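Here's the structure, in structure tokens; my notes come after.
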Amino acid sequence: KAGVTQTPRYLIKTRGQQVTLSCSPISGHRSVSWYQQTPGQGLQFLFEYFSETQRNKGNFPGRFSGRQFSNSRSEMNVSTLELGDSALYLCASSGQTIGSYNEQFFGPGTRLTVL
Amino acid sequence: AQSVTQLDSQVPVFEEAPVELRCNYSSSVSVYLFWYVQYPNQGLQLLLKYLSGSTLVKGINGFEAEFNKSQTSFHLRKPSVHISDTAEYFCAVSEDDKIIFGKGTRLHILP
């Protein structure tokens with residue numbers, strides 16, 4: 001099976017712009033989660049989508065949003081970019097849930113630089 | 001809410017020496033624990049997981065971890081490291097349907 005793919009891999013934007021990142025999960029996986037990784041804050045959970053519905057949300061401002069399509073592909077959008085949004089954005093897909101266990105498979109990430 | 005503490009931000013170790021990366025988590029009734037590895041310019045890869053059963057968990061690349069409920073720890077160990085183990089290692093705990101990560105530990109292998 002192909003792994004989780006994320007596009008684009010690298011992105012440079014300027015403050016005030018908006019950006020859309022894409023994630024294609026492993027075939028058959030219905031859950032997609034997004035994380036922001038920065039040197040200072042580490043890995044922080046943004047949100048999770050399951051069957052086109054947002055099921056969980058982290059503590060990020062409303063400028064960060066996402067959606068999931070019927071084929072489970074997901075996009076996240078960041079509006080009005082700030083310098084502090086520069087980060088590696090990781091997507092993870094999951095195909096099984098046992099209790100609260102949810103094995104996630106990560107994509108390579110999108111490196112966003114805001115100038 | 002769960003939290004994960006990785007006590008060392010960086011760990012230098014000589015090649016072929018043993019290594020232990022420390023991880024403590026906040027207490028919970030039941031807990032699922034993970035170690036992930038991130039190689040430079042890559043995403044995260046699952047090294048091993050503890051769901052239940054034996055407290056000693058073996059993972060890929062010769063790594064193992066021991067779940068200690070009384071000390072709320074899940075330390076990662078490898079008896080002999082290789083230069084290819086240079087990476088950042090993340091301890092994580094599952095809460096509801098999301099993963100809570102520690103800050104990570106950078107493993108530096110010295111020649």
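Residues in the structure tokens are named by chain (A, B, ... in the order shown) and by number from 1 within that chain; ligands are numbered from 1 in the order shown.
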Chain B residues within 8 Å of chain A, counting only C-alpha atoms: which ones, as a PyMOL selection string? chain B and resi 32+41-46+51+94-104
For those residues, write all heavy atoms to a file as a short mmCIF file (atom, residue, chain, number, x, y, z; two decimals), in the first residue's frame.
```cif
data_model
loop_
_atom_site.label_atom_id
_atom_site.label_comp_id
_atom_site.auth_asym_id
_atom_site.auth_seq_id
_atom_site.Cartn_x
_atom_site.Cartn_y
_atom_site.Cartn_z
N TYR B 32 -2.22 3.99 26.55
CA TYR B 32 -1.49 3.40 25.44
C TYR B 32 -0.29 4.30 25.17
O TYR B 32 -0.44 5.52 25.05
CB TYR B 32 -2.37 3.31 24.20
CG TYR B 32 -3.64 2.53 24.43
CD1 TYR B 32 -4.88 3.14 24.32
CD2 TYR B 32 -3.60 1.18 24.75
CE1 TYR B 32 -6.06 2.44 24.52
CE2 TYR B 32 -4.77 0.47 24.96
CZ TYR B 32 -5.99 1.10 24.85
OH TYR B 32 -7.15 0.40 25.06
N ASN B 41 14.45 15.41 7.94
CA ASN B 41 13.63 15.72 6.77
C ASN B 41 12.60 14.64 6.44
O ASN B 41 12.24 14.46 5.27
CB ASN B 41 14.51 16.00 5.55
CG ASN B 41 15.45 17.16 5.77
OD1 ASN B 41 15.04 18.20 6.26
ND2 ASN B 41 16.70 16.96 5.44
N GLN B 42 12.17 13.92 7.46
CA GLN B 42 11.16 12.91 7.23
C GLN B 42 10.03 13.05 8.25
O GLN B 42 10.13 13.80 9.21
CB GLN B 42 11.77 11.51 7.33
CG GLN B 42 12.79 11.20 6.23
CD GLN B 42 13.24 9.76 6.26
OE1 GLN B 42 12.51 8.86 6.70
NE2 GLN B 42 14.45 9.51 5.79
N GLY B 43 8.96 12.30 8.01
CA GLY B 43 7.87 12.27 8.97
C GLY B 43 8.19 11.33 10.12
O GLY B 43 9.32 10.89 10.27
N LEU B 44 7.20 11.01 10.90
CA LEU B 44 7.39 10.15 12.06
C LEU B 44 7.13 8.70 11.71
O LEU B 44 6.21 8.38 10.95
CB LEU B 44 6.44 10.56 13.18
CG LEU B 44 6.93 11.67 14.12
CD1 LEU B 44 6.96 12.99 13.40
CD2 LEU B 44 6.02 11.75 15.34
N GLN B 45 7.92 7.82 12.30
CA GLN B 45 7.75 6.39 12.10
C GLN B 45 7.58 5.73 13.46
O GLN B 45 8.31 6.04 14.40
CB GLN B 45 8.99 5.84 11.39
CG GLN B 45 8.94 4.34 11.11
CD GLN B 45 10.21 3.85 10.44
OE1 GLN B 45 11.17 4.59 10.23
NE2 GLN B 45 10.23 2.57 10.11
N LEU B 46 6.62 4.82 13.56
CA LEU B 46 6.37 4.15 14.83
C LEU B 46 7.49 3.15 15.12
O LEU B 46 7.76 2.27 14.31
CB LEU B 46 5.03 3.44 14.79
CG LEU B 46 4.59 2.74 16.08
CD1 LEU B 46 4.34 3.75 17.19
CD2 LEU B 46 3.34 1.91 15.83
N LEU B 51 0.22 -1.50 24.46
CA LEU B 51 -1.24 -1.44 24.60
C LEU B 51 -1.68 -2.14 25.87
O LEU B 51 -2.54 -1.65 26.62
CB LEU B 51 -1.91 -2.09 23.38
CG LEU B 51 -1.53 -1.52 22.01
CD1 LEU B 51 -2.27 -2.23 20.91
CD2 LEU B 51 -1.80 -0.02 21.96
N SER B 94 -1.75 8.00 23.93
CA SER B 94 -3.01 8.15 23.23
C SER B 94 -4.09 8.63 24.20
O SER B 94 -4.24 8.09 25.29
CB SER B 94 -3.44 6.80 22.63
OG SER B 94 -4.70 6.92 22.00
N GLU B 95 -4.80 9.67 23.78
CA GLU B 95 -5.92 10.18 24.58
C GLU B 95 -7.09 10.42 23.63
O GLU B 95 -6.96 11.20 22.67
CB GLU B 95 -5.54 11.49 25.28
CG GLU B 95 -6.68 12.10 26.07
CD GLU B 95 -6.27 13.39 26.76
OE1 GLU B 95 -6.00 14.38 26.05
OE2 GLU B 95 -6.21 13.40 28.00
N ASP B 96 -8.20 9.75 23.92
CA ASP B 96 -9.35 9.78 23.01
C ASP B 96 -8.85 9.36 21.63
O ASP B 96 -8.31 8.30 21.49
CB ASP B 96 -9.99 11.16 23.01
CG ASP B 96 -10.50 11.54 24.39
OD1 ASP B 96 -10.98 10.64 25.10
OD2 ASP B 96 -10.39 12.72 24.78
N ASP B 97 -9.02 10.19 20.65
CA ASP B 97 -8.57 9.81 19.31
C ASP B 97 -7.39 10.66 18.86
O ASP B 97 -7.17 10.82 17.66
CB ASP B 97 -9.72 9.94 18.32
CG ASP B 97 -10.76 8.87 18.54
OD1 ASP B 97 -10.36 7.68 18.61
OD2 ASP B 97 -11.95 9.19 18.67
N LYS B 98 -6.66 11.21 19.81
CA LYS B 98 -5.49 11.95 19.39
C LYS B 98 -4.27 11.48 20.16
O LYS B 98 -4.37 10.81 21.18
CB LYS B 98 -5.69 13.46 19.56
CG LYS B 98 -6.08 13.92 20.96
CD LYS B 98 -6.32 15.42 20.93
CE LYS B 98 -6.63 15.96 22.31
NZ LYS B 98 -8.00 15.64 22.72
N ILE B 99 -3.12 11.82 19.61
CA ILE B 99 -1.85 11.43 20.20
C ILE B 99 -1.23 12.67 20.84
O ILE B 99 -1.13 13.72 20.20
CB ILE B 99 -0.89 10.87 19.13
CG1 ILE B 99 -1.55 9.76 18.32
CG2 ILE B 99 0.40 10.40 19.77
CD1 ILE B 99 -1.78 8.50 19.07
N ILE B 100 -0.81 12.55 22.08
CA ILE B 100 -0.12 13.62 22.79
C ILE B 100 1.36 13.28 22.80
O ILE B 100 1.76 12.23 23.30
CB ILE B 100 -0.62 13.77 24.24
CG1 ILE B 100 -2.15 13.84 24.29
CG2 ILE B 100 0.03 14.98 24.90
CD1 ILE B 100 -2.73 15.03 23.57
N PHE B 101 2.18 14.17 22.25
CA PHE B 101 3.60 13.91 22.12
C PHE B 101 4.42 14.63 23.18
O PHE B 101 4.05 15.73 23.63
CB PHE B 101 4.10 14.38 20.74
CG PHE B 101 3.65 13.54 19.60
CD1 PHE B 101 2.48 13.83 18.91
CD2 PHE B 101 4.40 12.44 19.20
CE1 PHE B 101 2.06 13.04 17.85
CE2 PHE B 101 3.98 11.64 18.14
CZ PHE B 101 2.81 11.94 17.47
N GLY B 102 5.55 14.05 23.53
CA GLY B 102 6.55 14.75 24.30
C GLY B 102 7.31 15.70 23.39
O GLY B 102 7.09 15.74 22.17
N LYS B 103 8.22 16.46 23.97
CA LYS B 103 8.98 17.48 23.22
C LYS B 103 10.05 16.87 22.33
O LYS B 103 10.61 17.55 21.48
CB LYS B 103 9.62 18.48 24.17
CG LYS B 103 8.61 19.30 24.96
CD LYS B 103 8.02 20.40 24.13
CE LYS B 103 7.24 21.38 25.02
NZ LYS B 103 6.51 22.37 24.22
N GLY B 104 10.37 15.62 22.55
CA GLY B 104 11.37 14.95 21.72
C GLY B 104 12.75 14.95 22.34
O GLY B 104 13.11 15.83 23.13
#
```
Using only C-alpha atoms, which of the listed residues (B:Leu76, B:Ala1, B:Leu56, B:Val13) sits closest to Cys91 in chain B? B:Leu76
If you run DSSP over the backbone, which residues in chain A end up strand (DSSP E)? Put them as an NGL selection string. :A and (5-7 or 10-13 or 19-24 or 31-38 or 42-50 or 53-57 or 64-68 or 74-78 or 87-94 or 105-106 or 110-114)
Would you please extract all helix (DSSP H, G or I) residues from range 2-106 of chain B, as assigned by DSSP on the backbone, and give them as number ranges by chain? B: 60-62, 83-85
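Nearest residue to Ser70 in chain B among B:Ser26, B:Thr5, B:Ser84, B:Glu15 is B:Ser26, counting only C-alpha atoms.
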Shortest interatomic distance to Ser9 in chain B - which of B:Glu88, B:Pro111, B:Pro79, B:Pro40, counting only C-alpha atoms: B:Glu88
Let me make sure I understand: among B:Ser80, B:His75, B:Ile109, B:Tyr36, which one has the smallest atom-to-atom distance to Asp8 in chain B if we use only C-alpha atoms? B:His75
List the spatial neighbours of Leu21 in chain A as a VMD selection string - criterion: any atom at most 10 Å away, only C-alpha atoms, same-chain residues fewer than 4 positions off excluded. chain A and resid 6 to 9 11 66 74 to 78 89 to 91 109 to 110 112
What does the file look like for those residues with C-alpha atoms, as an mmCIF file, in the first residue's frame?
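Written output follows (result-v6.cif):
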```
data_model
loop_
_atom_site.group_PDB
_atom_site.id
_atom_site.type_symbol
_atom_site.label_atom_id
_atom_site.label_comp_id
_atom_site.auth_asym_id
_atom_site.auth_seq_id
_atom_site.Cartn_x
_atom_site.Cartn_y
_atom_site.Cartn_z
ATOM 1 C CA GLN A 6 1.474 15.338 1.487
ATOM 2 C CA THR A 7 1.695 18.122 -1.047
ATOM 3 C CA PRO A 8 3.484 20.346 -1.473
ATOM 4 C CA ARG A 9 6.600 19.323 0.448
ATOM 5 C CA LEU A 11 6.120 26.204 0.630
ATOM 6 C CA GLY A 66 -9.509 21.911 7.620
ATOM 7 C CA SER A 74 -7.897 16.160 3.616
ATOM 8 C CA GLU A 75 -6.833 19.751 3.293
ATOM 9 C CA MET A 76 -5.868 22.240 5.915
ATOM 10 C CA ASN A 77 -5.980 25.971 5.396
ATOM 11 C CA VAL A 78 -4.222 28.741 7.256
ATOM 12 C CA TYR A 89 2.884 20.383 9.152
ATOM 13 C CA LEU A 90 2.407 16.658 9.496
ATOM 14 C CA CYS A 91 -0.571 14.635 8.456
ATOM 15 C CA GLY A 109 5.203 16.695 6.101
ATOM 16 C CA THR A 110 4.940 20.082 4.415
ATOM 17 C CA LEU A 112 5.925 26.049 5.489
#
```
